[in-house]
$ cat structure-v2.cif   # mmCIF, C-alpha atoms
data_entry
loop_
_atom_site.label_atom_id
_atom_site.label_comp_id
_atom_site.auth_asym_id
_atom_site.auth_seq_id
_atom_site.Cartn_x
_atom_site.Cartn_y
_atom_site.Cartn_z
CA MET U 2 -11.38 -18.06 -1.83
CA ILE U 3 -9.05 -17.91 -4.82
CA GLY U 4 -5.78 -16.27 -3.72
CA TYR U 5 -3.38 -17.14 -6.56
CA LEU U 6 -3.53 -18.26 -10.19
CA LYS U 7 -0.86 -19.63 -12.50
CA GLY U 8 -1.63 -20.73 -16.03
CA LYS U 9 -1.83 -19.85 -19.70
CA VAL U 10 -2.89 -16.33 -20.64
CA MET U 11 -5.69 -16.92 -23.15
CA ASP U 12 -6.63 -13.28 -23.72
CA LEU U 13 -5.79 -9.75 -22.62
CA THR U 14 -8.09 -6.72 -22.78
CA PRO U 15 -7.43 -3.20 -21.45
CA GLU U 16 -9.23 -4.14 -18.22
CA SER U 17 -8.72 -7.85 -17.67
CA ALA U 18 -6.78 -11.03 -18.35
CA LEU U 19 -8.25 -14.46 -19.08
CA ILE U 20 -6.06 -17.10 -17.46
CA GLU U 21 -6.63 -20.80 -18.03
CA VAL U 22 -5.81 -23.06 -15.08
CA ASN U 23 -6.50 -26.80 -15.53
CA GLY U 24 -9.14 -26.23 -18.20
CA VAL U 25 -10.94 -23.43 -16.36
CA GLY U 26 -10.69 -19.83 -17.60
CA TYR U 27 -10.55 -17.15 -14.89
CA GLU U 28 -11.28 -13.55 -15.87
CA VAL U 29 -9.15 -11.29 -13.69
CA SER U 30 -9.23 -7.48 -13.49
CA CYS U 31 -5.58 -6.55 -13.04
CA SER U 32 -3.33 -3.73 -11.92
CA GLY U 33 -0.96 -2.14 -14.41
CA ALA U 34 2.00 -3.99 -12.88
CA VAL U 35 0.37 -7.33 -13.76
CA PHE U 36 -0.37 -6.34 -17.36
CA SER U 37 3.28 -5.43 -17.87
CA ARG U 38 4.23 -9.03 -16.98
CA LEU U 39 1.62 -10.90 -19.03
CA SER U 40 1.61 -11.77 -22.72
CA ARG U 41 -1.13 -13.47 -24.73
CA GLY U 42 -0.36 -17.19 -25.12
CA GLY U 43 2.36 -17.17 -22.47
CA GLU U 44 2.43 -18.41 -18.89
CA GLY U 45 1.26 -15.96 -16.28
CA GLU U 46 0.77 -15.79 -12.54
CA VAL U 47 -1.17 -13.38 -10.34
CA TYR U 48 -2.06 -13.04 -6.69
CA THR U 49 -5.80 -12.57 -6.50
CA CYS U 50 -8.56 -11.20 -4.34
CA MET U 51 -12.06 -12.55 -4.86
CA GLN U 52 -15.04 -10.33 -4.08
CA VAL U 53 -18.56 -11.76 -3.88
CA LYS U 54 -21.41 -9.27 -4.24
CA GLU U 55 -25.10 -9.45 -5.03
CA ASP U 56 -24.46 -8.79 -8.72
CA GLY U 57 -21.71 -11.39 -9.13
CA VAL U 58 -18.24 -12.64 -8.27
CA SER U 59 -15.15 -10.65 -9.29
CA LEU U 60 -11.45 -11.55 -9.27
CA TYR U 61 -8.77 -8.88 -8.99
CA GLY U 62 -5.13 -9.62 -9.80
CA PHE U 63 -1.88 -8.23 -8.39
CA ALA U 64 1.83 -8.54 -9.13
CA ASP U 65 2.73 -9.41 -5.52
CA LEU U 66 1.34 -9.70 -2.01
CA LYS U 67 2.30 -6.11 -1.15
CA GLU U 68 0.09 -4.84 -3.97
CA LYS U 69 -2.75 -7.09 -2.84
CA GLU U 70 -2.41 -5.88 0.75
CA PHE U 71 -2.56 -2.26 -0.37
CA PHE U 72 -5.64 -3.01 -2.52
CA LEU U 73 -7.38 -4.35 0.59
CA LYS U 74 -6.39 -1.24 2.57
CA LEU U 75 -7.66 1.06 -0.17
CA THR U 76 -11.00 -0.74 -0.57
CA SER U 77 -11.55 -0.52 3.19
CA VAL U 78 -11.86 3.27 2.77
CA GLN U 79 -15.43 4.48 2.39
CA GLY U 80 -16.10 5.47 -1.22
CA VAL U 81 -13.11 3.60 -2.68
CA GLY U 82 -14.23 0.66 -4.79
CA ALA U 83 -12.16 -2.02 -6.48
CA LYS U 84 -11.98 -0.11 -9.77
CA MET U 85 -10.61 3.05 -8.10
CA ALA U 86 -8.15 1.01 -6.02
CA LEU U 87 -6.85 -0.66 -9.20
CA SER U 88 -6.51 2.76 -10.87
CA LEU U 89 -4.40 3.99 -7.96
CA LEU U 90 -2.22 0.87 -8.03
CA SER U 91 -1.82 1.18 -11.81
CA ALA U 92 -0.80 4.84 -11.49
CA MET U 93 1.61 4.32 -8.57
CA ARG U 94 3.56 1.50 -6.96
CA PRO U 95 2.58 0.66 -3.35
CA GLU U 96 5.76 2.42 -2.15
CA GLU U 97 4.69 5.65 -3.89
CA LEU U 98 1.20 5.37 -2.40
CA TYR U 99 2.76 4.93 1.06
CA ASP U 100 4.74 8.13 0.46
CA CYS U 101 1.66 10.07 -0.68
CA ILE U 102 -0.38 9.00 2.32
CA ALA U 103 2.47 9.51 4.82
CA ALA U 104 3.11 12.99 3.39
CA ALA U 105 -0.66 13.75 3.16
CA ASP U 106 -0.18 14.56 -0.54
CA ALA U 107 -3.84 14.76 -1.60
CA LYS U 108 -2.91 16.68 -4.75
CA ARG U 109 -0.88 13.78 -6.12
CA LEU U 110 -3.55 11.21 -5.22
CA SER U 111 -6.33 13.26 -6.79
CA ALA U 112 -4.30 13.50 -10.02
CA VAL U 113 -5.16 9.82 -10.62
CA LYS U 114 -8.12 9.44 -13.01
CA GLY U 115 -11.37 8.93 -11.10
CA VAL U 116 -10.02 10.09 -7.72
CA GLY U 117 -11.44 13.40 -6.55
CA LYS U 118 -10.03 15.69 -3.86
CA LYS U 119 -12.57 14.58 -1.25
CA THR U 120 -11.75 10.91 -1.87
CA ALA U 121 -8.01 11.61 -1.75
CA ASP U 122 -8.49 13.40 1.59
CA ARG U 123 -10.54 10.47 2.92
CA ILE U 124 -7.86 7.94 1.86
CA ILE U 125 -5.22 9.96 3.70
CA LEU U 126 -7.41 10.43 6.77
CA GLU U 127 -8.37 6.75 7.09
CA LEU U 128 -5.03 5.13 6.13
CA HIS U 129 -2.51 7.58 7.59
CA GLY U 130 -2.54 5.90 11.01
CA GLN U 131 -2.16 2.43 9.49
CA ILE U 132 1.20 3.31 7.96
CA SER U 133 3.46 2.75 10.95
CA ALA U 134 7.00 3.98 11.39
CA THR U 135 8.20 0.39 11.13
CA ALA U 136 6.42 -0.14 7.80
CA ILE U 137 8.05 2.96 6.33
CA LEU U 138 11.51 2.10 7.66
CA SER U 139 11.25 -1.52 6.48
CA ARG U 140 10.17 -0.40 3.02
CA GLU U 141 13.18 1.90 2.79
CA GLY U 142 15.55 -0.95 3.51
CA THR U 143 16.45 0.04 7.07
CA PRO U 144 14.31 -2.39 9.05
CA SER U 145 14.58 -2.98 12.75
CA PRO U 146 14.83 -6.80 12.87
CA GLY U 147 12.33 -8.30 15.25
CA VAL U 148 11.30 -4.90 16.59
CA LYS U 149 7.82 -3.52 16.08
CA ALA U 150 7.00 0.14 16.56
CA SER U 151 5.51 0.58 20.03
CA SER U 152 2.64 2.95 20.73
CA GLU U 153 5.22 5.17 22.48
CA ASP U 154 7.29 5.29 19.28
CA GLU U 155 4.17 6.15 17.30
CA ASP U 156 3.39 8.94 19.80
CA ALA U 157 6.94 10.24 19.43
CA VAL U 158 6.62 10.20 15.63
CA ALA U 159 3.30 12.09 15.90
CA ALA U 160 4.87 14.66 18.25
CA LEU U 161 7.74 15.30 15.82
CA MET U 162 5.29 15.59 12.91
CA ASN U 163 3.37 18.22 14.88
CA LEU U 164 6.63 20.18 15.01
CA GLY U 165 6.72 20.22 11.21
CA PHE U 166 8.90 17.21 10.34
CA THR U 167 7.72 14.65 7.78
CA ARG U 168 6.63 11.19 8.90
CA GLN U 169 9.72 9.60 7.33
CA GLU U 170 12.11 12.05 9.02
CA SER U 171 10.32 11.52 12.33
CA ALA U 172 10.34 7.72 12.04
CA ARG U 173 14.08 7.67 11.25
CA ALA U 174 14.86 10.03 14.14
CA VAL U 175 12.85 7.92 16.61
CA GLU U 176 14.64 4.75 15.50
CA ARG U 177 18.03 6.50 15.88
CA ALA U 178 17.06 7.73 19.36
CA ARG U 179 16.15 4.19 20.44
CA LYS U 180 19.47 2.89 19.10
CA ASP U 181 21.27 5.64 21.05
CA GLY U 182 19.68 4.30 24.26
CA ALA U 183 16.67 6.59 24.79
CA LYS U 184 14.11 4.79 26.98
CA THR U 185 11.17 7.07 27.82
CA ILE U 186 9.12 8.95 25.24
CA GLU U 187 10.57 12.23 26.55
CA GLU U 188 14.14 10.95 26.04
CA VAL U 189 13.23 9.68 22.56
CA ILE U 190 11.82 13.06 21.50
CA ALA U 191 14.72 15.02 23.03
CA SER U 192 17.30 12.76 21.38
CA ALA U 193 15.46 12.83 18.05
CA LEU U 194 15.33 16.63 18.05
CA LYS U 195 19.06 16.86 18.71
CA ASN U 196 19.78 14.70 15.67
CA MET U 197 17.36 16.36 13.23
#
$ encode --input "structure-v2.cif" --output "structure tokens"
Amino acid sequence: MIGYLKGKVMDLTPESALIEVNGVGYEVSCSGAVFSRLSRGGEGEVYTCMQVKEDGVSLYGFADLKEKEFFLKLTSVQGVGAKMALSLLSAMRPEELYDCIAAADAKRLSAVKGVGKKTADRIILELHGQISATAILSREGTPSPGVKASSEDEDAVAALMNLGFTRQESARAVERARKDGAKTIEEVIASALKNM
């Protein structure tokens, strides 16, 4: 598998970049973030994902590993192909996509060209559970070093969301409750509610 390329940018089109590495030209379909960093004739680097299908081999390029990881999450959703995933990543940064999915904002997702309401709903349904409290907190710059969200913490977050709080508010409140010494899920929820 080809996971990374660094070389001379031979050509740029609206959909792809041609990058020469040791005499071999790789055609890479890229996200908008990659295009903003590349210039024809200059040096360029991309993280890549290679897909092999019956009709050929395709390379997709990303600005960083976070973008690549989100591409893989998106393409795991039924009905979301590589082209649609790239459109989403070109329209929004991974952090914005996390926010849309965590907030179940189908309207914003379906505003992206090529993404219908049903597909937006499916993306939210299938990926919502994969966006853990820890992932959201880490992305916001308040990570819990060495601590992963337990299933109890996830249950507490879900319980708070059922009471009408957003996922981000719930995740922050659960982390605060743990820091304040709450042990059981009941204590976590009670403490979180006091501080919300």
$ closest_residue --input "structure-v2.cif" --among "U:Pro15, U:Gly117, U:Gly62, U:Gly45" --to "Ser30 (chain U)" --atoms "all atoms listed in the file"
U:Gly62
$ resolve_selection --input "structure-v2.cif" --expression "the PyMOL selection byres ((chain U and resi 5-8) around 10)" --output "PDB file with C-alpha atoms, in the coordinates of the input"
ATOM      1  CA  MET U   2     -11.380 -18.060  -1.830  1.00  0.00           C
ATOM      2  CA  ILE U   3      -9.050 -17.910  -4.820  1.00  0.00           C
ATOM      3  CA  GLY U   4      -5.780 -16.270  -3.720  1.00  0.00           C
ATOM      4  CA  LYS U   9      -1.830 -19.850 -19.700  1.00  0.00           C
ATOM      5  CA  VAL U  10      -2.890 -16.330 -20.640  1.00  0.00           C
ATOM      6  CA  MET U  11      -5.690 -16.920 -23.150  1.00  0.00           C
ATOM      7  CA  LEU U  19      -8.250 -14.460 -19.080  1.00  0.00           C
ATOM      8  CA  ILE U  20      -6.060 -17.100 -17.460  1.00  0.00           C
ATOM      9  CA  GLU U  21      -6.630 -20.800 -18.030  1.00  0.00           C
ATOM     10  CA  VAL U  22      -5.810 -23.060 -15.080  1.00  0.00           C
ATOM     11  CA  ASN U  23      -6.500 -26.800 -15.530  1.00  0.00           C
ATOM     12  CA  GLY U  24      -9.140 -26.230 -18.200  1.00  0.00           C
ATOM     13  CA  VAL U  25     -10.940 -23.430 -16.360  1.00  0.00           C
ATOM     14  CA  GLY U  26     -10.690 -19.830 -17.600  1.00  0.00           C
ATOM     15  CA  TYR U  27     -10.550 -17.150 -14.890  1.00  0.00           C
ATOM     16  CA  VAL U  29      -9.150 -11.290 -13.690  1.00  0.00           C
ATOM     17  CA  GLY U  42      -0.360 -17.190 -25.120  1.00  0.00           C
ATOM     18  CA  GLY U  43       2.360 -17.170 -22.470  1.00  0.00           C
ATOM     19  CA  GLU U  44       2.430 -18.410 -18.890  1.00  0.00           C
ATOM     20  CA  GLY U  45       1.260 -15.960 -16.280  1.00  0.00           C
ATOM     21  CA  GLU U  46       0.770 -15.790 -12.540  1.00  0.00           C
ATOM     22  CA  VAL U  47      -1.170 -13.380 -10.340  1.00  0.00           C
ATOM     23  CA  TYR U  48      -2.060 -13.040  -6.690  1.00  0.00           C
ATOM     24  CA  THR U  49      -5.800 -12.570  -6.500  1.00  0.00           C
ATOM     25  CA  CYS U  50      -8.560 -11.200  -4.340  1.00  0.00           C
ATOM     26  CA  MET U  51     -12.060 -12.550  -4.860  1.00  0.00           C
ATOM     27  CA  GLY U  62      -5.130  -9.620  -9.800  1.00  0.00           C
ATOM     28  CA  PHE U  63      -1.880  -8.230  -8.390  1.00  0.00           C
ATOM     29  CA  ASP U  65       2.730  -9.410  -5.520  1.00  0.00           C
ATOM     30  CA  LEU U  66       1.340  -9.700  -2.010  1.00  0.00           C
TER      31      LEU U  66
END
$ resolve_selection --input "structure-v2.cif" --expression "the PyMOL selection byres ((chain U and resi 194) around 12)" --output "PDB file with C-alpha atoms, in the frame of the given file"
ATOM      1  CA  ALA U 157       6.940  10.240  19.430  1.00  0.00           C
ATOM      2  CA  VAL U 158       6.620  10.200  15.630  1.00  0.00           C
ATOM      3  CA  ALA U 160       4.870  14.660  18.250  1.00  0.00           C
ATOM      4  CA  LEU U 161       7.740  15.300  15.820  1.00  0.00           C
ATOM      5  CA  MET U 162       5.290  15.590  12.910  1.00  0.00           C
ATOM      6  CA  LEU U 164       6.630  20.180  15.010  1.00  0.00           C
ATOM      7  CA  GLY U 165       6.720  20.220  11.210  1.00  0.00           C
ATOM      8  CA  PHE U 166       8.900  17.210  10.340  1.00  0.00           C
ATOM      9  CA  GLU U 170      12.110  12.050   9.020  1.00  0.00           C
ATOM     10  CA  SER U 171      10.320  11.520  12.330  1.00  0.00           C
ATOM     11  CA  ALA U 172      10.340   7.720  12.040  1.00  0.00           C
ATOM     12  CA  ARG U 173      14.080   7.670  11.250  1.00  0.00           C
ATOM     13  CA  ALA U 174      14.860  10.030  14.140  1.00  0.00           C
ATOM     14  CA  VAL U 175      12.850   7.920  16.610  1.00  0.00           C
ATOM     15  CA  ARG U 177      18.030   6.500  15.880  1.00  0.00           C
ATOM     16  CA  ALA U 178      17.060   7.730  19.360  1.00  0.00           C
ATOM     17  CA  GLU U 187      10.570  12.230  26.550  1.00  0.00           C
ATOM     18  CA  GLU U 188      14.140  10.950  26.040  1.00  0.00           C
ATOM     19  CA  VAL U 189      13.230   9.680  22.560  1.00  0.00           C
ATOM     20  CA  ILE U 190      11.820  13.060  21.500  1.00  0.00           C
ATOM     21  CA  ALA U 191      14.720  15.020  23.030  1.00  0.00           C
ATOM     22  CA  SER U 192      17.300  12.760  21.380  1.00  0.00           C
ATOM     23  CA  ALA U 193      15.460  12.830  18.050  1.00  0.00           C
ATOM     24  CA  LYS U 195      19.060  16.860  18.710  1.00  0.00           C
ATOM     25  CA  ASN U 196      19.780  14.700  15.670  1.00  0.00           C
ATOM     26  CA  MET U 197      17.360  16.360  13.230  1.00  0.00           C
TER      27      MET U 197
END
$ residues_near_point --input "structure-v2.cif" --point "(6.9, -0.3, -8.8)" --cutoff "10 Å" --atoms "all atoms listed in the file" --output "CSV table (one decimal) with C-alpha atoms, in the frame of the given file"
chain,number,residue,atom,x,y,z
U,33,GLY,CA,-1.0,-2.1,-14.4
U,34,ALA,CA,2.0,-4.0,-12.9
U,64,ALA,CA,1.8,-8.5,-9.1
U,68,GLU,CA,0.1,-4.8,-4.0
U,90,LEU,CA,-2.2,0.9,-8.0
U,91,SER,CA,-1.8,1.2,-11.8
U,92,ALA,CA,-0.8,4.8,-11.5
U,93,MET,CA,1.6,4.3,-8.6
U,94,ARG,CA,3.6,1.5,-7.0
U,95,PRO,CA,2.6,0.7,-3.4
U,96,GLU,CA,5.8,2.4,-2.2
U,97,GLU,CA,4.7,5.6,-3.9
$ closest_residue --input "structure-v2.cif" --among "U:Ala105, U:Tyr61, U:Ile124, U:Ser77" --to "Thr167 (chain U)" --atoms "all atoms listed in the file"
U:Ala105
$ atom_distance --input "structure-v2.cif" --atom1 "CA of Thr185 (chain U)" --atom2 "CA of Gln169 (chain U)"
20.7 Å
$ atom_distance --input "structure-v2.cif" --atom1 "CA of Asp12 (chain U)" --atom2 "CA of Lys54 (chain U)"
24.8 Å
$ atom_distance --input "structure-v2.cif" --atom1 "CA of Arg168 (chain U)" --atom2 "CA of Gln131 (chain U)"
12.4 Å
$ residues_around --input "structure-v2.cif" --residues "Leu128 (chain U)" --least-positions-apart "6" --cutoff "9 Å" --atoms "all atoms listed in the file" --output "VMD selection string"
chain U and resid 74 to 75 78 102 to 103
$ residues_near_point --input "structure-v2.cif" --point "(-3.7, 10.3, -7.3)" --cutoff "12 Å" --atoms "only C-alpha atoms" --output "ChimeraX atom specification"
/U:85-94,97-102,105-122,124-125
$ write_last_selection --input "structure-v2.cif" --atoms "C-alpha atoms" --output "tab-separated table (two decimals), keeping the file's coordinate frame"
chain	number	residue	atom	x	y	z
U	85	MET	CA	-10.61	3.05	-8.10
U	86	ALA	CA	-8.15	1.01	-6.02
U	87	LEU	CA	-6.85	-0.66	-9.20
U	88	SER	CA	-6.51	2.76	-10.87
U	89	LEU	CA	-4.40	3.99	-7.96
U	90	LEU	CA	-2.22	0.87	-8.03
U	91	SER	CA	-1.82	1.18	-11.81
U	92	ALA	CA	-0.80	4.84	-11.49
U	93	MET	CA	1.61	4.32	-8.57
U	94	ARG	CA	3.56	1.50	-6.96
U	97	GLU	CA	4.69	5.65	-3.89
U	98	LEU	CA	1.20	5.37	-2.40
U	99	TYR	CA	2.76	4.93	1.06
U	100	ASP	CA	4.74	8.13	0.46
U	101	CYS	CA	1.66	10.07	-0.68
U	102	ILE	CA	-0.38	9.00	2.32
U	105	ALA	CA	-0.66	13.75	3.16
U	106	ASP	CA	-0.18	14.56	-0.54
U	107	ALA	CA	-3.84	14.76	-1.60
U	108	LYS	CA	-2.91	16.68	-4.75
U	109	ARG	CA	-0.88	13.78	-6.12
U	110	LEU	CA	-3.55	11.21	-5.22
U	111	SER	CA	-6.33	13.26	-6.79
U	112	ALA	CA	-4.30	13.50	-10.02
U	113	VAL	CA	-5.16	9.82	-10.62
U	114	LYS	CA	-8.12	9.44	-13.01
U	115	GLY	CA	-11.37	8.93	-11.10
U	116	VAL	CA	-10.02	10.09	-7.72
U	117	GLY	CA	-11.44	13.40	-6.55
U	118	LYS	CA	-10.03	15.69	-3.86
U	119	LYS	CA	-12.57	14.58	-1.25
U	120	THR	CA	-11.75	10.91	-1.87
U	121	ALA	CA	-8.01	11.61	-1.75
U	122	ASP	CA	-8.49	13.40	1.59
U	124	ILE	CA	-7.86	7.94	1.86
U	125	ILE	CA	-5.22	9.96	3.70
